[in-house]
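Visitor: Structure file structure.txt (compact mmCIF, N, CA and C atoms) is given on the next line.
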# COMPACT_ATOMS: atom_id res chain seq x y z
N GLN A 25 1.27 36.18 -1.19
CA GLN A 25 1.52 35.30 -2.33
C GLN A 25 1.21 33.86 -1.91
N VAL A 26 0.51 33.15 -2.78
CA VAL A 26 0.13 31.79 -2.44
C VAL A 26 1.19 30.81 -2.93
N HIS A 27 1.28 29.72 -2.18
CA HIS A 27 2.19 28.65 -2.54
C HIS A 27 1.48 27.32 -2.34
N VAL A 28 1.74 26.42 -3.27
CA VAL A 28 1.24 25.05 -3.18
C VAL A 28 2.42 24.14 -3.46
N VAL A 29 2.79 23.34 -2.48
CA VAL A 29 4.02 22.56 -2.59
C VAL A 29 3.77 21.11 -2.24
N GLU A 30 4.12 20.23 -3.18
CA GLU A 30 3.96 18.80 -2.96
C GLU A 30 5.28 18.18 -2.50
N SER A 31 5.16 17.05 -1.84
CA SER A 31 6.33 16.28 -1.45
C SER A 31 5.94 14.82 -1.27
N GLY A 32 6.94 13.96 -1.25
CA GLY A 32 6.69 12.56 -0.93
C GLY A 32 6.76 11.59 -2.09
N GLY A 33 6.97 12.07 -3.29
CA GLY A 33 7.06 11.15 -4.42
C GLY A 33 8.34 10.34 -4.37
N GLY A 34 8.44 9.38 -5.28
CA GLY A 34 9.64 8.57 -5.35
C GLY A 34 9.42 7.30 -6.13
N LEU A 35 10.36 6.40 -5.98
CA LEU A 35 10.31 5.11 -6.66
C LEU A 35 9.84 4.04 -5.69
N VAL A 36 8.88 3.24 -6.12
CA VAL A 36 8.36 2.18 -5.28
C VAL A 36 8.07 0.97 -6.15
N GLN A 37 8.19 -0.20 -5.57
CA GLN A 37 7.90 -1.43 -6.30
C GLN A 37 6.39 -1.64 -6.38
N PRO A 38 5.94 -2.36 -7.38
CA PRO A 38 4.51 -2.71 -7.43
C PRO A 38 4.08 -3.39 -6.14
N GLY A 39 2.92 -2.97 -5.65
CA GLY A 39 2.42 -3.49 -4.39
C GLY A 39 2.85 -2.67 -3.18
N GLY A 40 3.75 -1.74 -3.39
CA GLY A 40 4.24 -0.92 -2.30
C GLY A 40 3.35 0.27 -2.01
N SER A 41 3.83 1.11 -1.09
CA SER A 41 3.06 2.26 -0.64
C SER A 41 3.89 3.53 -0.68
N LEU A 42 3.21 4.63 -0.85
CA LEU A 42 3.81 5.96 -0.76
C LEU A 42 2.79 6.89 -0.13
N ARG A 43 3.30 7.91 0.52
CA ARG A 43 2.43 8.94 1.09
C ARG A 43 2.87 10.29 0.54
N LEU A 44 1.96 10.94 -0.15
CA LEU A 44 2.21 12.27 -0.69
C LEU A 44 1.64 13.31 0.25
N SER A 45 2.31 14.45 0.30
CA SER A 45 1.83 15.56 1.11
C SER A 45 1.82 16.82 0.28
N CYS A 46 0.90 17.69 0.63
CA CYS A 46 0.79 18.99 -0.03
C CYS A 46 0.52 20.05 1.02
N ALA A 47 1.28 21.11 0.96
CA ALA A 47 1.09 22.23 1.88
C ALA A 47 0.75 23.48 1.09
N ALA A 48 -0.33 24.12 1.49
CA ALA A 48 -0.77 25.35 0.83
C ALA A 48 -0.60 26.51 1.82
N SER A 49 -0.12 27.62 1.32
CA SER A 49 0.08 28.79 2.19
C SER A 49 -0.29 30.06 1.44
N GLY A 50 -0.57 31.09 2.20
CA GLY A 50 -0.90 32.37 1.61
C GLY A 50 -2.37 32.60 1.33
N PHE A 51 -3.21 31.66 1.75
CA PHE A 51 -4.65 31.78 1.53
C PHE A 51 -5.28 32.38 2.78
N ALA A 52 -5.99 33.48 2.60
CA ALA A 52 -6.50 34.22 3.75
C ALA A 52 -7.73 33.55 4.36
N LEU A 53 -8.55 32.93 3.54
CA LEU A 53 -9.78 32.31 4.02
C LEU A 53 -9.70 30.79 3.85
N ARG A 54 -10.74 30.11 4.31
CA ARG A 54 -10.74 28.66 4.23
C ARG A 54 -10.75 28.20 2.78
N ILE A 55 -9.91 27.23 2.50
CA ILE A 55 -9.86 26.63 1.18
C ILE A 55 -11.05 25.69 1.01
N HIS A 56 -11.75 25.81 -0.12
CA HIS A 56 -12.93 24.97 -0.31
C HIS A 56 -12.54 23.51 -0.54
N ALA A 57 -11.61 23.26 -1.44
CA ALA A 57 -11.26 21.88 -1.77
C ALA A 57 -9.78 21.77 -2.08
N MET A 58 -9.23 20.65 -1.69
CA MET A 58 -7.85 20.30 -2.06
C MET A 58 -7.89 18.93 -2.70
N SER A 59 -7.19 18.81 -3.80
CA SER A 59 -7.28 17.58 -4.59
C SER A 59 -5.92 17.14 -5.09
N TRP A 60 -5.88 15.90 -5.48
CA TRP A 60 -4.70 15.34 -6.13
C TRP A 60 -5.08 14.92 -7.56
N TYR A 61 -4.25 15.35 -8.48
CA TYR A 61 -4.37 14.94 -9.88
C TYR A 61 -3.07 14.23 -10.25
N ARG A 62 -3.12 13.47 -11.32
CA ARG A 62 -1.89 12.86 -11.82
C ARG A 62 -1.89 12.90 -13.34
N GLN A 63 -0.68 12.85 -13.86
CA GLN A 63 -0.52 12.87 -15.30
C GLN A 63 0.64 11.96 -15.69
N ALA A 64 0.34 10.97 -16.51
CA ALA A 64 1.36 10.10 -17.05
C ALA A 64 1.78 10.64 -18.42
N PRO A 65 2.97 10.31 -18.88
CA PRO A 65 3.41 10.80 -20.19
C PRO A 65 2.41 10.45 -21.29
N GLY A 66 2.08 11.45 -22.10
CA GLY A 66 1.18 11.23 -23.22
C GLY A 66 -0.28 11.15 -22.86
N THR A 67 -0.61 11.43 -21.61
CA THR A 67 -2.01 11.37 -21.20
C THR A 67 -2.44 12.70 -20.61
N GLN A 68 -3.74 12.85 -20.47
CA GLN A 68 -4.27 14.06 -19.84
C GLN A 68 -4.21 13.95 -18.34
N ARG A 69 -4.11 15.08 -17.71
CA ARG A 69 -4.14 15.11 -16.25
C ARG A 69 -5.52 14.63 -15.79
N GLU A 70 -5.51 13.78 -14.78
CA GLU A 70 -6.78 13.22 -14.29
C GLU A 70 -6.89 13.40 -12.78
N LEU A 71 -8.12 13.52 -12.35
CA LEU A 71 -8.39 13.64 -10.91
C LEU A 71 -8.18 12.28 -10.24
N VAL A 72 -7.45 12.28 -9.15
CA VAL A 72 -7.23 11.07 -8.38
C VAL A 72 -8.13 11.06 -7.15
N ALA A 73 -8.11 12.15 -6.40
CA ALA A 73 -8.91 12.22 -5.18
C ALA A 73 -9.07 13.68 -4.77
N SER A 74 -10.17 13.98 -4.10
CA SER A 74 -10.40 15.33 -3.63
C SER A 74 -11.04 15.31 -2.26
N ALA A 75 -10.86 16.39 -1.54
CA ALA A 75 -11.43 16.53 -0.20
C ALA A 75 -11.89 17.96 -0.02
N THR A 76 -13.15 18.12 0.36
CA THR A 76 -13.68 19.46 0.55
C THR A 76 -13.60 19.87 2.02
N SER A 77 -13.83 21.15 2.27
CA SER A 77 -13.81 21.65 3.63
C SER A 77 -14.98 21.10 4.44
N GLY A 78 -16.01 20.61 3.75
CA GLY A 78 -17.15 20.03 4.44
C GLY A 78 -16.95 18.58 4.83
N GLY A 79 -15.81 18.02 4.43
CA GLY A 79 -15.51 16.65 4.81
C GLY A 79 -15.80 15.62 3.74
N SER A 80 -16.30 16.05 2.60
CA SER A 80 -16.58 15.10 1.53
C SER A 80 -15.30 14.72 0.80
N THR A 81 -15.23 13.47 0.40
CA THR A 81 -14.09 13.00 -0.38
C THR A 81 -14.61 12.32 -1.65
N ASN A 82 -13.76 12.32 -2.64
CA ASN A 82 -14.12 11.72 -3.91
C ASN A 82 -12.87 11.07 -4.49
N TYR A 83 -13.05 9.90 -5.10
CA TYR A 83 -11.93 9.15 -5.65
C TYR A 83 -12.20 8.70 -7.08
N ALA A 84 -11.16 8.64 -7.84
CA ALA A 84 -11.27 8.00 -9.15
C ALA A 84 -11.52 6.52 -8.94
N ASP A 85 -12.29 5.93 -9.82
CA ASP A 85 -12.62 4.51 -9.67
C ASP A 85 -11.36 3.64 -9.62
N SER A 86 -10.35 4.05 -10.33
CA SER A 86 -9.14 3.24 -10.44
C SER A 86 -8.34 3.17 -9.14
N VAL A 87 -8.63 4.07 -8.20
CA VAL A 87 -7.85 4.09 -6.95
C VAL A 87 -8.69 3.78 -5.72
N LYS A 88 -9.98 3.62 -5.90
CA LYS A 88 -10.85 3.34 -4.75
C LYS A 88 -10.40 2.07 -4.03
N GLY A 89 -10.34 2.16 -2.73
CA GLY A 89 -9.93 1.01 -1.93
C GLY A 89 -8.43 0.90 -1.74
N ARG A 90 -7.67 1.68 -2.50
CA ARG A 90 -6.21 1.64 -2.39
C ARG A 90 -5.62 2.96 -1.90
N PHE A 91 -6.24 4.06 -2.29
CA PHE A 91 -5.75 5.39 -1.93
C PHE A 91 -6.69 6.02 -0.90
N THR A 92 -6.10 6.81 -0.03
CA THR A 92 -6.89 7.54 0.95
C THR A 92 -6.40 8.98 1.01
N ILE A 93 -7.33 9.90 0.84
CA ILE A 93 -7.00 11.32 0.96
C ILE A 93 -7.40 11.80 2.35
N SER A 94 -6.55 12.60 2.93
CA SER A 94 -6.86 13.17 4.23
C SER A 94 -6.43 14.64 4.24
N ARG A 95 -7.18 15.42 4.95
CA ARG A 95 -6.93 16.86 4.89
C ARG A 95 -6.96 17.44 6.30
N ASP A 96 -6.02 18.33 6.55
CA ASP A 96 -6.01 19.10 7.79
C ASP A 96 -6.39 20.52 7.42
N ILE A 97 -7.62 20.89 7.69
CA ILE A 97 -8.11 22.19 7.26
C ILE A 97 -7.37 23.33 7.95
N ALA A 98 -7.08 23.16 9.21
CA ALA A 98 -6.41 24.22 9.97
C ALA A 98 -5.00 24.47 9.46
N LYS A 99 -4.34 23.41 9.02
CA LYS A 99 -2.95 23.54 8.56
C LYS A 99 -2.85 23.73 7.05
N ASN A 100 -3.97 23.66 6.36
CA ASN A 100 -3.97 23.75 4.90
C ASN A 100 -3.04 22.71 4.26
N THR A 101 -3.17 21.50 4.76
CA THR A 101 -2.39 20.41 4.18
C THR A 101 -3.34 19.30 3.72
N VAL A 102 -2.88 18.54 2.78
CA VAL A 102 -3.62 17.38 2.31
C VAL A 102 -2.62 16.28 2.01
N HIS A 103 -3.00 15.07 2.35
CA HIS A 103 -2.12 13.93 2.14
C HIS A 103 -2.83 12.89 1.29
N LEU A 104 -2.03 12.12 0.60
CA LEU A 104 -2.58 11.02 -0.19
C LEU A 104 -1.79 9.76 0.15
N GLN A 105 -2.43 8.87 0.87
CA GLN A 105 -1.82 7.59 1.19
C GLN A 105 -2.14 6.62 0.06
N MET A 106 -1.09 6.12 -0.56
CA MET A 106 -1.27 5.25 -1.73
C MET A 106 -0.73 3.86 -1.39
N ASN A 107 -1.61 2.89 -1.39
CA ASN A 107 -1.24 1.51 -1.10
C ASN A 107 -1.46 0.64 -2.32
N SER A 108 -0.86 -0.52 -2.30
CA SER A 108 -1.02 -1.49 -3.40
C SER A 108 -0.79 -0.83 -4.75
N LEU A 109 0.29 -0.11 -4.83
CA LEU A 109 0.56 0.65 -6.05
C LEU A 109 0.79 -0.26 -7.25
N LYS A 110 0.32 0.22 -8.38
CA LYS A 110 0.45 -0.50 -9.65
C LYS A 110 1.28 0.33 -10.62
N PRO A 111 1.86 -0.29 -11.60
CA PRO A 111 2.63 0.48 -12.60
C PRO A 111 1.81 1.58 -13.25
N GLU A 112 0.53 1.34 -13.42
CA GLU A 112 -0.32 2.36 -14.04
C GLU A 112 -0.62 3.54 -13.12
N ASP A 113 -0.20 3.47 -11.88
CA ASP A 113 -0.33 4.61 -10.98
C ASP A 113 0.81 5.62 -11.15
N ALA A 114 1.79 5.26 -11.91
CA ALA A 114 2.96 6.13 -12.09
C ALA A 114 2.59 7.41 -12.82
N GLY A 115 3.31 8.46 -12.50
CA GLY A 115 3.10 9.73 -13.16
C GLY A 115 3.52 10.87 -12.24
N VAL A 116 3.26 12.06 -12.69
CA VAL A 116 3.49 13.24 -11.87
C VAL A 116 2.18 13.56 -11.14
N TYR A 117 2.27 13.66 -9.85
CA TYR A 117 1.10 13.95 -9.01
C TYR A 117 1.11 15.42 -8.63
N TYR A 118 -0.02 16.06 -8.90
CA TYR A 118 -0.15 17.48 -8.65
C TYR A 118 -1.19 17.75 -7.57
N CYS A 119 -0.89 18.68 -6.73
CA CYS A 119 -1.86 19.15 -5.75
C CYS A 119 -2.62 20.34 -6.33
N ASN A 120 -3.91 20.32 -6.15
CA ASN A 120 -4.78 21.39 -6.65
C ASN A 120 -5.55 21.99 -5.50
N VAL A 121 -5.56 23.30 -5.46
CA VAL A 121 -6.32 24.04 -4.45
C VAL A 121 -7.42 24.82 -5.15
N TYR A 122 -8.63 24.63 -4.69
CA TYR A 122 -9.76 25.40 -5.22
C TYR A 122 -10.17 26.42 -4.17
N TYR A 123 -9.99 27.68 -4.51
CA TYR A 123 -10.17 28.75 -3.52
C TYR A 123 -10.83 29.95 -4.17
N MET A 124 -11.95 30.35 -3.65
CA MET A 124 -12.64 31.56 -4.12
C MET A 124 -12.81 31.56 -5.64
N GLY A 125 -13.17 30.42 -6.18
CA GLY A 125 -13.45 30.34 -7.60
C GLY A 125 -12.26 30.18 -8.50
N SER A 126 -11.07 30.10 -7.92
CA SER A 126 -9.86 29.93 -8.72
C SER A 126 -9.13 28.67 -8.31
N GLU A 127 -8.31 28.19 -9.23
CA GLU A 127 -7.52 27.00 -8.95
C GLU A 127 -6.03 27.36 -8.89
N TYR A 128 -5.36 26.70 -7.98
CA TYR A 128 -3.92 26.89 -7.82
C TYR A 128 -3.26 25.52 -7.83
N TRP A 129 -2.14 25.45 -8.52
CA TRP A 129 -1.46 24.17 -8.71
C TRP A 129 -0.05 24.20 -8.14
N GLY A 130 0.35 23.05 -7.63
CA GLY A 130 1.75 22.87 -7.29
C GLY A 130 2.52 22.45 -8.53
N ARG A 131 3.81 22.26 -8.37
CA ARG A 131 4.66 21.88 -9.49
C ARG A 131 4.68 20.39 -9.74
N GLY A 132 4.17 19.63 -8.78
CA GLY A 132 4.09 18.20 -8.98
C GLY A 132 5.22 17.43 -8.33
N THR A 133 4.94 16.17 -8.07
CA THR A 133 5.95 15.26 -7.52
C THR A 133 5.85 13.94 -8.28
N GLN A 134 6.99 13.41 -8.65
CA GLN A 134 7.03 12.23 -9.51
C GLN A 134 6.83 10.95 -8.69
N VAL A 135 5.97 10.09 -9.19
CA VAL A 135 5.77 8.77 -8.61
C VAL A 135 6.12 7.74 -9.68
N THR A 136 7.04 6.87 -9.36
CA THR A 136 7.46 5.82 -10.28
C THR A 136 7.18 4.48 -9.62
N VAL A 137 6.48 3.62 -10.32
CA VAL A 137 6.16 2.29 -9.80
C VAL A 137 6.80 1.27 -10.73
N SER A 138 7.84 0.67 -10.24
CA SER A 138 8.59 -0.24 -11.08
C SER A 138 9.39 -1.21 -10.23
N SER A 139 9.57 -2.41 -10.75
CA SER A 139 10.41 -3.39 -10.06
C SER A 139 11.84 -3.33 -10.58
As structure tokens, please, write out the structure in this file.

Guide:
Amino acid sequence: QVHVVESGGGLVQPGGSLRLSCAASGFALRIHAMSWYRQAPGTQRELVASATSGGSTNYADSVKGRFTISRDIAKNTVHLQMNSLKPEDAGVYYCNVYYMGSEYWGRGTQVTVSS
């Protein structure tokens, strides 16, 4: 049985930093891509950053230069270092695993950016 579990969310002031982590388990073969999505109330879920097994990374324009995704392929973990956080970065952050043509989601972790 596969599991995708996020951690690290919380409340932070504007300009602050948070580090999110995601651990995936139960996958027999190498995971192709691990990504972070976020969803604010009343909006659609959007891609924040992704990292493939080949080492490629991709970022939403709104987070470039502030967020960094890193992945440990052997441990099936992915992290999202978020710096210079803005109120518009708030939302529920979800970890997404793309494996053998299917997607698997975690339950999400809440990020609140407020003074």

Visitor: Please build the interface table for range 108-137 of chain A against range 51-60 of chain A with a cut-off of 9 Å, listing for each qualifying residue the nearest atom pair and the distance in Å to one decimal; count only C-alpha atoms, order rows by chain and increasing number, and write it as CSV.

Guide:
residue,atom,partner,partner_atom,distance
A:Tyr117,CA,A:Trp60,CA,6.6
A:Tyr118,CA,A:Trp60,CA,5.6
A:Cys119,CA,A:Trp60,CA,4.8
A:Asn120,CA,A:Ser59,CA,5.0
A:Val121,CA,A:Met58,CA,4.7
A:Tyr122,CA,A:Ala57,CA,5.2
A:Tyr123,CA,A:Ile55,CA,5.2
A:Met124,CA,A:His56,CA,7.6

Visitor: For the atom pair CA of Glu30 in chain A and CA of Trp129 in chain A, what is the interatomic distance in Å to one decimal place?

Guide: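 The value is 9.6 Å.
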
Visitor: Select, from A:Ala73, A:Val135, A:Val87, A:Leu44, the residue with the minimum atom-to-atom distance to His103 in chain A, counting only C-alpha atoms.

Guide: A:Leu44

Visitor: What lies within 8 Å of Asp113 in chain A using all atoms listed in the file, ignoring chain neighbours under 6 positions off, as a PyMOL selection string?

Guide: chain A and resi 62-64+135-137

Visitor: Return the single residue from A:Val28, A:Leu109, A:Val116, A:Val102 that is closest to Ser138 in chain A, with distances computed using all atoms listed in the file.

Guide: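 Using all atoms listed in the file, Ser138 in chain A sits closest to A:Leu109.
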
Visitor: Applying 12 Å and only C-alpha atoms, which residues near Ser139 in chain A remain after dropping the ones on its own chain fewer than 6 positions away? List them as a list in words.

Guide: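 Close residues of Ser139 in chain A: Leu35, Val36, Gln37, Pro38, Gly39, Gly40, Leu109, Lys110 and Pro111 of chain A.
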
Visitor: For those residues, write N, CA and C atoms to a file as an mmCIF file, keeping the file's coordinate frame.

Guide:
data_model
loop_
_atom_site.group_PDB
_atom_site.id
_atom_site.type_symbol
_atom_site.label_atom_id
_atom_site.label_comp_id
_atom_site.auth_asym_id
_atom_site.auth_seq_id
_atom_site.Cartn_x
_atom_site.Cartn_y
_atom_site.Cartn_z
ATOM 1 N N LEU A 35 10.360 6.400 -5.980
ATOM 2 C CA LEU A 35 10.310 5.110 -6.660
ATOM 3 C C LEU A 35 9.840 4.040 -5.690
ATOM 4 N N VAL A 36 8.880 3.240 -6.120
ATOM 5 C CA VAL A 36 8.360 2.180 -5.280
ATOM 6 C C VAL A 36 8.070 0.970 -6.150
ATOM 7 N N GLN A 37 8.190 -0.200 -5.570
ATOM 8 C CA GLN A 37 7.900 -1.430 -6.300
ATOM 9 C C GLN A 37 6.390 -1.640 -6.380
ATOM 10 N N PRO A 38 5.940 -2.360 -7.380
ATOM 11 C CA PRO A 38 4.510 -2.710 -7.430
ATOM 12 C C PRO A 38 4.080 -3.390 -6.140
ATOM 13 N N GLY A 39 2.920 -2.970 -5.650
ATOM 14 C CA GLY A 39 2.420 -3.490 -4.390
ATOM 15 C C GLY A 39 2.850 -2.670 -3.180
ATOM 16 N N GLY A 40 3.750 -1.740 -3.390
ATOM 17 C CA GLY A 40 4.240 -0.920 -2.300
ATOM 18 C C GLY A 40 3.350 0.270 -2.010
ATOM 19 N N LEU A 109 0.290 -0.110 -4.830
ATOM 20 C CA LEU A 109 0.560 0.650 -6.050
ATOM 21 C C LEU A 109 0.790 -0.260 -7.250
ATOM 22 N N LYS A 110 0.320 0.220 -8.380
ATOM 23 C CA LYS A 110 0.450 -0.500 -9.650
ATOM 24 C C LYS A 110 1.280 0.330 -10.620
ATOM 25 N N PRO A 111 1.860 -0.290 -11.600
ATOM 26 C CA PRO A 111 2.630 0.480 -12.600
ATOM 27 C C PRO A 111 1.810 1.580 -13.250
#

Visitor: Kindly indicate which residue among A:Arg69, A:His27, A:Arg131, A:Arg90 lies nearest to Leu42 in chain A, using only C-alpha atoms for the distances.

Guide: A:Arg90

Visitor: Taking only chain A into account, list the residues labelled strand (DSSP E) by DSSP (computed from the backbone), as a ChimeraX atom specification.

Guide: /A:27-31,34-36,42-49,57-63,70-76,81-83,91-96,101-106,115-123,126-129,133-137

Visitor: Please report the interatomic distance between CA of Ser126 in chain A and CA of Ala84 in chain A in Å with one decimal.

Guide: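 Computing it gives 22.0 Å between the two atoms.
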
Visitor: Taking the point (-12.2, 9.3, -12.0) as given in the file, collect each protein or nucleic acid residue that comes within 6 Å of it, counting all atoms listed in the file, and present the set as a list in words.

Guide: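 The answer, in the requested form, is Leu71, Tyr83, Ala84, Asp85 and Ser86 of chain A.
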
Visitor: Pick from A:Asn107, A:Ser80, A:Ser74, A:Asn100: nearest to Cys46 in chain A, with only N, CA and C atoms counted?

Guide: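 For Cys46 in chain A, the nearest of the candidates is A:Asn100.
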
Visitor: Enumerate, as a PyMOL selection string, the complete set of residues in range 43-128 of chain A that a backbone-based DSSP assignment places in helix (DSSP H, G or I).

Guide: chain A and resi 85-87+111-113

Visitor: Would you save the residues of that selection, restricted to N, CA and C atoms, as an mmCIF file, in the frame of the given file?

Guide:
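Generated output (result13.cif):
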data_model
loop_
_atom_site.group_PDB
_atom_site.id
_atom_site.type_symbol
_atom_site.label_atom_id
_atom_site.label_comp_id
_atom_site.auth_asym_id
_atom_site.auth_seq_id
_atom_site.Cartn_x
_atom_site.Cartn_y
_atom_site.Cartn_z
ATOM 1 N N ASP A 85 -12.290 5.930 -9.820
ATOM 2 C CA ASP A 85 -12.620 4.510 -9.670
ATOM 3 C C ASP A 85 -11.360 3.640 -9.620
ATOM 4 N N SER A 86 -10.350 4.050 -10.330
ATOM 5 C CA SER A 86 -9.140 3.240 -10.440
ATOM 6 C C SER A 86 -8.340 3.170 -9.140
ATOM 7 N N VAL A 87 -8.630 4.070 -8.200
ATOM 8 C CA VAL A 87 -7.850 4.090 -6.950
ATOM 9 C C VAL A 87 -8.690 3.780 -5.720
ATOM 10 N N PRO A 111 1.860 -0.290 -11.600
ATOM 11 C CA PRO A 111 2.630 0.480 -12.600
ATOM 12 C C PRO A 111 1.810 1.580 -13.250
ATOM 13 N N GLU A 112 0.530 1.340 -13.420
ATOM 14 C CA GLU A 112 -0.320 2.360 -14.040
ATOM 15 C C GLU A 112 -0.620 3.540 -13.120
ATOM 16 N N ASP A 113 -0.200 3.470 -11.880
ATOM 17 C CA ASP A 113 -0.330 4.610 -10.980
ATOM 18 C C ASP A 113 0.810 5.620 -11.150
#

Visitor: Just how far from atom C of Gln25 in chain A is atom N of Ser94 in chain A, in Å to one decimal?

Guide: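 A separation of 23.1 Å between them.
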
Visitor: Using only C-alpha atoms for the distances, tell me which of A:Thr81, A:Ile97, A:Gly115, A:Gly130 is nearest to Gln68 in chain A.

Guide: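 Once distances to Gln68 in chain A are computed over only C-alpha atoms, the minimum belongs to A:Gly115.
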